[in-house]
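Worksheet: the structure to be examined is printed underneath.
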Amino acid sequence: MEPVPNVTRREFMAAGSVVALAAAGEAAAPPAEGVIGPLVGHTDTAAAFLWARLPAPGEYTLSVRRGDGTGTGTEYAAEATADTDLTAKWHVRGLRPATRYVVDLKGGRPCSFTTPPASETPARVTIALGSCADEDAGTRAVWTRMASEKPDAVVLAGDTPYIDSTDLAKQRTRHRAFAAVAEYQELLAARPFWSTWDDHDFGRNDADGTLKGKENSRQAFTEYRAQPSYGDGTGGIYTAFRWGPVEVFLIDARWWSWTGPSFADPAKKTLLGRAQWDWLRKALAASTAPFKVLAVGCVWEDKKNKEKDHWETYLHERDALFAFVKEKRIGGVVLFGGDIHVTRLLKYPPEFVGYPLYDFISSPMHARVIPSLNVKHPYLVESKVQPNTFLTLTADTTIKPATLTARFLDKDGKSLFTDTTVTLDELTPPAPR
Ligand SMILES: [Fe+2]
């Protein structure tokens, strides 16, 4: 875990001046020139990160109060400096589950968020996921559509945005331009989001962990993403979060890829790296979430082009991961992938993890489709070459058996093909003989 950003906390009573400020924040006033955000980062049942990019160095105070008007507000201060490209993160604590909060930052846009339900409470939650985004009109339409689907949380799975450089100034400029898009802020100032990266935000097409300057990419990522942790604290960006009945594991398939021998087969190269493998096994085995999403920027099978940045290059590690899930009898696992600018649904037979393994591939949010990557695969159920698309996963544990519903949507909210509903029973390992 990376140390929490330097923040201070000051309690205050919800006095008249503060309420007036809060009311102004609720109005649809345009944000003052130069402030991006505040946006909502990692959120759990008791704490949240708020994020913003400020116009000048200094200490900035943000206030958080309950959305129902009860209780006292709390102020938090955070520093924006040139060292973090004038980005700041406020670590908000003492929150309650399933509760709405309103955030006020002077000069910032209206912002509010709701904490997740207590983990073991039956709930119906929706997470929106997408990959491959720009600042173009099509992507902006996707942000707006995502918001109207009212997801509880958002996952950006790489090429979010396209950067194609490890130069720190370029990395920061691109992240800043991406975050400055009004529709993006509209979506992410109202619910938390998390990210992993793919090749273009890591630094170059088809890049692996031998890429020079990757430390700069990681620095910009840590500045522009308010996540609970970034990889092992010194390298990589993998992390995980829990939202009611779902836990999402955001895998980093770039930082350690091709950097050394694999834990699964020393004669071959690694994808995950030892630290991430140890973390993933431990976190998966410890997870009490009924549904577990393994999200990665690339795809879990052969892309069938000349590039090597897919799990096919590292099948020894995919086999090890699947075998681990099967051996430990970890139920409720589904896969998510992006990258290929084609939408696909695959269903692996039970021999891999002990029960059918669904693989949801959603790409792109922009319009640049790649029809040639819509290739044959023995486990392919559905596929579509579709611009401006994203996925929603809805988990419902208020019914028995609990269900997970996947909807691949276009920017108009139309399903690309029949929605997939899987029961938790179907994703349960068979009883040991
Ligand atoms: Fe892409």
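Note on naming: chains are A, B, ... as they come in the structure tokens, residues start from 1 per chain, ligands start from 1 in the order shown.
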
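The binding environment of ligand 1, defined as every protein, DNA or RNA residue with an atom no more than 10 Å away and counting only C-alpha atoms and all ligand atoms, comprises Ser131, Cys132, Ala133, Asp134, Ala157, Gly158, Asp159, Thr160, Pro161, Tyr162, Asp198, Asp199, His200, Asp201, Asn205, Gly297, Cys298, Gly338, Asp339, Ile340, His341, Val342, Ser363, Pro364, Met365, His366, Arg368, Val369 and Ile370 of chain A.
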
Original post:
Could you name the residues that touch Leu105 in chain A at 9 Å or less, counting only C-alpha atoms, but leaving out those on the same chain fewer than 2 positions away, as a list in words?
Top reply: Leu21, Ala22, Gly25, Gly37, Pro38, Tyr60, Thr61, Leu62, Ser63, Val103, Gly107, Gly108, Arg109, Pro110 and Cys111 of chain A

Please save N, CA and C atoms of the selected residues as a PDB file, in the first residue's frame.
```
ATOM      1  N   LEU A  21     -22.385  27.884   1.355  1.00  0.00           N
ATOM      2  CA  LEU A  21     -21.380  27.428   0.393  1.00  0.00           C
ATOM      3  C   LEU A  21     -21.819  26.109  -0.237  1.00  0.00           C
ATOM      4  N   ALA A  22     -22.336  25.226   0.633  1.00  0.00           N
ATOM      5  CA  ALA A  22     -22.779  23.915   0.148  1.00  0.00           C
ATOM      6  C   ALA A  22     -23.928  24.077  -0.840  1.00  0.00           C
ATOM      7  N   GLY A  25     -22.721  25.051  -4.109  1.00  0.00           N
ATOM      8  CA  GLY A  25     -22.075  23.924  -4.781  1.00  0.00           C
ATOM      9  C   GLY A  25     -23.074  23.005  -5.450  1.00  0.00           C
ATOM     10  N   GLY A  37     -12.592  18.945 -11.414  1.00  0.00           N
ATOM     11  CA  GLY A  37     -13.127  18.199 -10.289  1.00  0.00           C
ATOM     12  C   GLY A  37     -13.842  19.100  -9.297  1.00  0.00           C
ATOM     13  N   PRO A  38     -14.067  18.649  -8.069  1.00  0.00           N
ATOM     14  CA  PRO A  38     -13.582  17.380  -7.531  1.00  0.00           C
ATOM     15  C   PRO A  38     -14.283  16.155  -8.151  1.00  0.00           C
ATOM     16  N   TYR A  60      -5.677  23.497  -0.069  1.00  0.00           N
ATOM     17  CA  TYR A  60      -7.088  23.627  -0.450  1.00  0.00           C
ATOM     18  C   TYR A  60      -7.963  22.864   0.537  1.00  0.00           C
ATOM     19  N   THR A  61      -9.041  23.514   0.950  1.00  0.00           N
ATOM     20  CA  THR A  61      -9.946  22.901   1.917  1.00  0.00           C
ATOM     21  C   THR A  61     -11.235  22.497   1.225  1.00  0.00           C
ATOM     22  N   LEU A  62     -11.643  21.292   1.518  1.00  0.00           N
ATOM     23  CA  LEU A  62     -12.871  20.747   0.927  1.00  0.00           C
ATOM     24  C   LEU A  62     -13.759  20.307   2.083  1.00  0.00           C
ATOM     25  N   SER A  63     -15.063  20.446   1.917  1.00  0.00           N
ATOM     26  CA  SER A  63     -15.944  20.012   3.003  1.00  0.00           C
ATOM     27  C   SER A  63     -16.866  18.902   2.521  1.00  0.00           C
ATOM     28  N   VAL A 103     -20.085  17.101  -1.469  1.00  0.00           N
ATOM     29  CA  VAL A 103     -18.723  17.625  -1.357  1.00  0.00           C
ATOM     30  C   VAL A 103     -18.706  19.060  -1.875  1.00  0.00           C
ATOM     31  N   GLY A 107     -14.712  26.867  -6.044  1.00  0.00           N
ATOM     32  CA  GLY A 107     -14.298  26.926  -7.442  1.00  0.00           C
ATOM     33  C   GLY A 107     -14.468  25.617  -8.185  1.00  0.00           C
ATOM     34  N   GLY A 108     -14.768  24.564  -7.441  1.00  0.00           N
ATOM     35  CA  GLY A 108     -14.933  23.246  -8.070  1.00  0.00           C
ATOM     36  C   GLY A 108     -16.365  23.004  -8.503  1.00  0.00           C
ATOM     37  N   ARG A 109     -16.571  21.915  -9.189  1.00  0.00           N
ATOM     38  CA  ARG A 109     -17.896  21.594  -9.712  1.00  0.00           C
ATOM     39  C   ARG A 109     -18.738  20.898  -8.635  1.00  0.00           C
ATOM     40  N   PRO A 110     -20.065  20.809  -8.842  1.00  0.00           N
ATOM     41  CA  PRO A 110     -20.898  20.051  -7.912  1.00  0.00           C
ATOM     42  C   PRO A 110     -20.418  18.604  -7.819  1.00  0.00           C
ATOM     43  N   CYS A 111     -20.397  18.074  -6.626  1.00  0.00           N
ATOM     44  CA  CYS A 111     -19.863  16.723  -6.423  1.00  0.00           C
ATOM     45  C   CYS A 111     -20.601  16.053  -5.275  1.00  0.00           C
TER      46      CYS A 111
END
```

Subject >> Nearest candidate to Leu294 in chain A (options A:Asp164, A:Asp252, A:Glu186, A:Asp85; using only C-alpha atoms) >> reply: A:Asp252

Can you check which parts of range 150-215 of chain A lie within 12 Å of range 262-286 of chain A? Per residue, the shortest pair of atoms and distance in Å to one decimal, counting only C-alpha atoms, sorted by chain and number, as CSV.
```
residue,atom,partner,partner_atom,distance
A:Ala207,CA,A:Leu271,CA,12.0
A:Asp208,CA,A:Leu271,CA,8.8
A:Gly209,CA,A:Leu271,CA,8.7
A:Thr210,CA,A:Leu271,CA,11.5
```

Give me a file of those residues, with C-alpha atoms, as a PDB file, in the first residue's frame.
```pdb
ATOM      1  CA  ALA A 207       4.676  -2.102 -24.777  1.00  0.00           C
ATOM      2  CA  ASP A 208       5.843  -4.436 -22.028  1.00  0.00           C
ATOM      3  CA  GLY A 209       7.535  -3.800 -18.703  1.00  0.00           C
ATOM      4  CA  THR A 210      10.933  -3.223 -20.309  1.00  0.00           C
TER       5      THR A 210
END
```

Subject >> Surrounding residues of range 392-399 of chain A excluding itself and chain neighbours under 2 positions, 10 Å, only C-alpha atoms, as a PyMOL selection string >> reply: chain A and resi 120-130+146+149+151-155+243-246+290-291+293+360+362+390+401-409+419-424

Subject >> Members of range 369-412 of chain A assigned strand (DSSP E or B) by DSSP, as an MDAnalysis selection string >> reply: chainID A and resid 380:384 389:396 403:410

For the residues selected in the previous step, produce a file with C-alpha atoms as a PDB file, in the first residue's frame.
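Printed below is result28.pdb as written:
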```pdb
ATOM      1  CA  LEU A 380     -17.049 -17.375 -28.387  1.00  0.00           C
ATOM      2  CA  VAL A 381     -20.759 -16.826 -27.635  1.00  0.00           C
ATOM      3  CA  GLU A 382     -21.373 -13.356 -29.088  1.00  0.00           C
ATOM      4  CA  SER A 383     -19.352 -10.634 -30.752  1.00  0.00           C
ATOM      5  CA  LYS A 384     -19.916  -7.305 -32.420  1.00  0.00           C
ATOM      6  CA  THR A 389     -19.595   0.938 -26.343  1.00  0.00           C
ATOM      7  CA  PHE A 390     -19.307  -0.089 -22.682  1.00  0.00           C
ATOM      8  CA  LEU A 391     -20.448  -2.801 -20.275  1.00  0.00           C
ATOM      9  CA  THR A 392     -22.559  -2.808 -17.156  1.00  0.00           C
ATOM     10  CA  LEU A 393     -22.383  -5.614 -14.610  1.00  0.00           C
ATOM     11  CA  THR A 394     -25.296  -5.757 -12.178  1.00  0.00           C
ATOM     12  CA  ALA A 395     -25.029  -8.052  -9.174  1.00  0.00           C
ATOM     13  CA  ASP A 396     -28.178  -8.792  -7.238  1.00  0.00           C
ATOM     14  CA  THR A 403     -27.496 -13.110 -10.194  1.00  0.00           C
ATOM     15  CA  LEU A 404     -24.946 -11.241 -12.246  1.00  0.00           C
ATOM     16  CA  THR A 405     -26.254  -9.532 -15.376  1.00  0.00           C
ATOM     17  CA  ALA A 406     -23.942  -8.291 -18.109  1.00  0.00           C
ATOM     18  CA  ARG A 407     -25.194  -5.707 -20.593  1.00  0.00           C
ATOM     19  CA  PHE A 408     -23.061  -4.545 -23.504  1.00  0.00           C
ATOM     20  CA  LEU A 409     -24.466  -1.131 -24.420  1.00  0.00           C
ATOM     21  CA  ASP A 410     -23.999   1.471 -27.126  1.00  0.00           C
TER      22      ASP A 410
END
```

Subject >> Picked from range 95-203 of chain A by DSSP as helix (DSSP H, G or I), as a VMD selection string >> reply: chain A and resid 137 to 148 168 to 179 182 to 188 199 to 202

For the selection just defined, write its residues with C-alpha atoms to a file, as a CSV table (one decimal), in the first residue's frame.
```csv
chain,number,residue,atom,x,y,z
A,137,ALA,CA,-17.7,13.4,-29.3
A,138,GLY,CA,-18.4,9.7,-29.3
A,139,THR,CA,-16.6,9.0,-26.1
A,140,ARG,CA,-18.3,12.0,-24.5
A,141,ALA,CA,-21.6,10.5,-25.5
A,142,VAL,CA,-20.6,7.3,-23.8
A,143,TRP,CA,-19.8,9.1,-20.6
A,144,THR,CA,-23.3,10.7,-20.7
A,145,ARG,CA,-24.9,7.4,-21.4
A,146,MET,CA,-23.0,5.7,-18.6
A,147,ALA,CA,-24.2,8.4,-16.2
A,148,SER,CA,-27.8,7.8,-17.3
A,168,LEU,CA,6.3,13.0,-17.7
A,169,ALA,CA,5.1,16.3,-19.2
A,170,LYS,CA,3.2,14.5,-22.0
A,171,GLN,CA,1.7,12.0,-19.6
A,172,ARG,CA,0.4,14.8,-17.4
A,173,THR,CA,-0.9,16.9,-20.3
A,174,ARG,CA,-2.8,13.9,-21.7
A,175,HIS,CA,-4.3,12.9,-18.3
A,176,ARG,CA,-5.2,16.6,-17.7
A,177,ALA,CA,-7.0,16.9,-21.1
A,178,PHE,CA,-8.8,13.7,-20.5
A,179,ALA,CA,-10.0,14.7,-17.1
A,182,ALA,CA,-17.2,18.1,-19.0
A,183,GLU,CA,-19.1,14.8,-19.6
A,184,TYR,CA,-16.3,12.8,-17.9
A,185,GLN,CA,-16.4,15.0,-14.9
A,186,GLU,CA,-20.2,14.9,-14.8
A,187,LEU,CA,-20.0,11.1,-14.6
A,188,LEU,CA,-17.2,10.8,-12.1
A,199,ASP,CA,-0.4,-0.2,-23.6
A,200,HIS,CA,-1.2,3.3,-24.8
A,201,ASP,CA,-1.6,4.9,-21.3
A,202,PHE,CA,1.4,2.8,-20.1
```

**OP:** Determine, counting only C-alpha atoms, which protein, DNA and RNA residues have an atom within 10 Å of an atom of range 43-50 of chain A; residues of the same chain fewer than 6 positions away are not included. Present the result as a PyMOL selection string.
**Re:** chain A and resi 4-5+37+62+64+88-99+103+111-119+153+189+191-194+225-228+241-244

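Of the residues listed (A:Arg53, A:Pro371, A:Leu416, A:Gly34), A:Pro371 shows the shortest atom-to-atom separation from Asn305 in chain A; distances use only C-alpha atoms.
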
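By chain and then residue number, the residues within 10 Å of His377 in chain A are Glu301, Asp302 and Leu346 of chain A, counting only C-alpha atoms and disregarding those fewer than 5 positions away in sequence.
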
**OP:** Point out the residue among A:Leu211, A:Ala82, A:Val325, A:Ile163 with the least atom-to-atom distance to Thr259 in chain A, counting only C-alpha atoms.
**Re:** A:Leu211
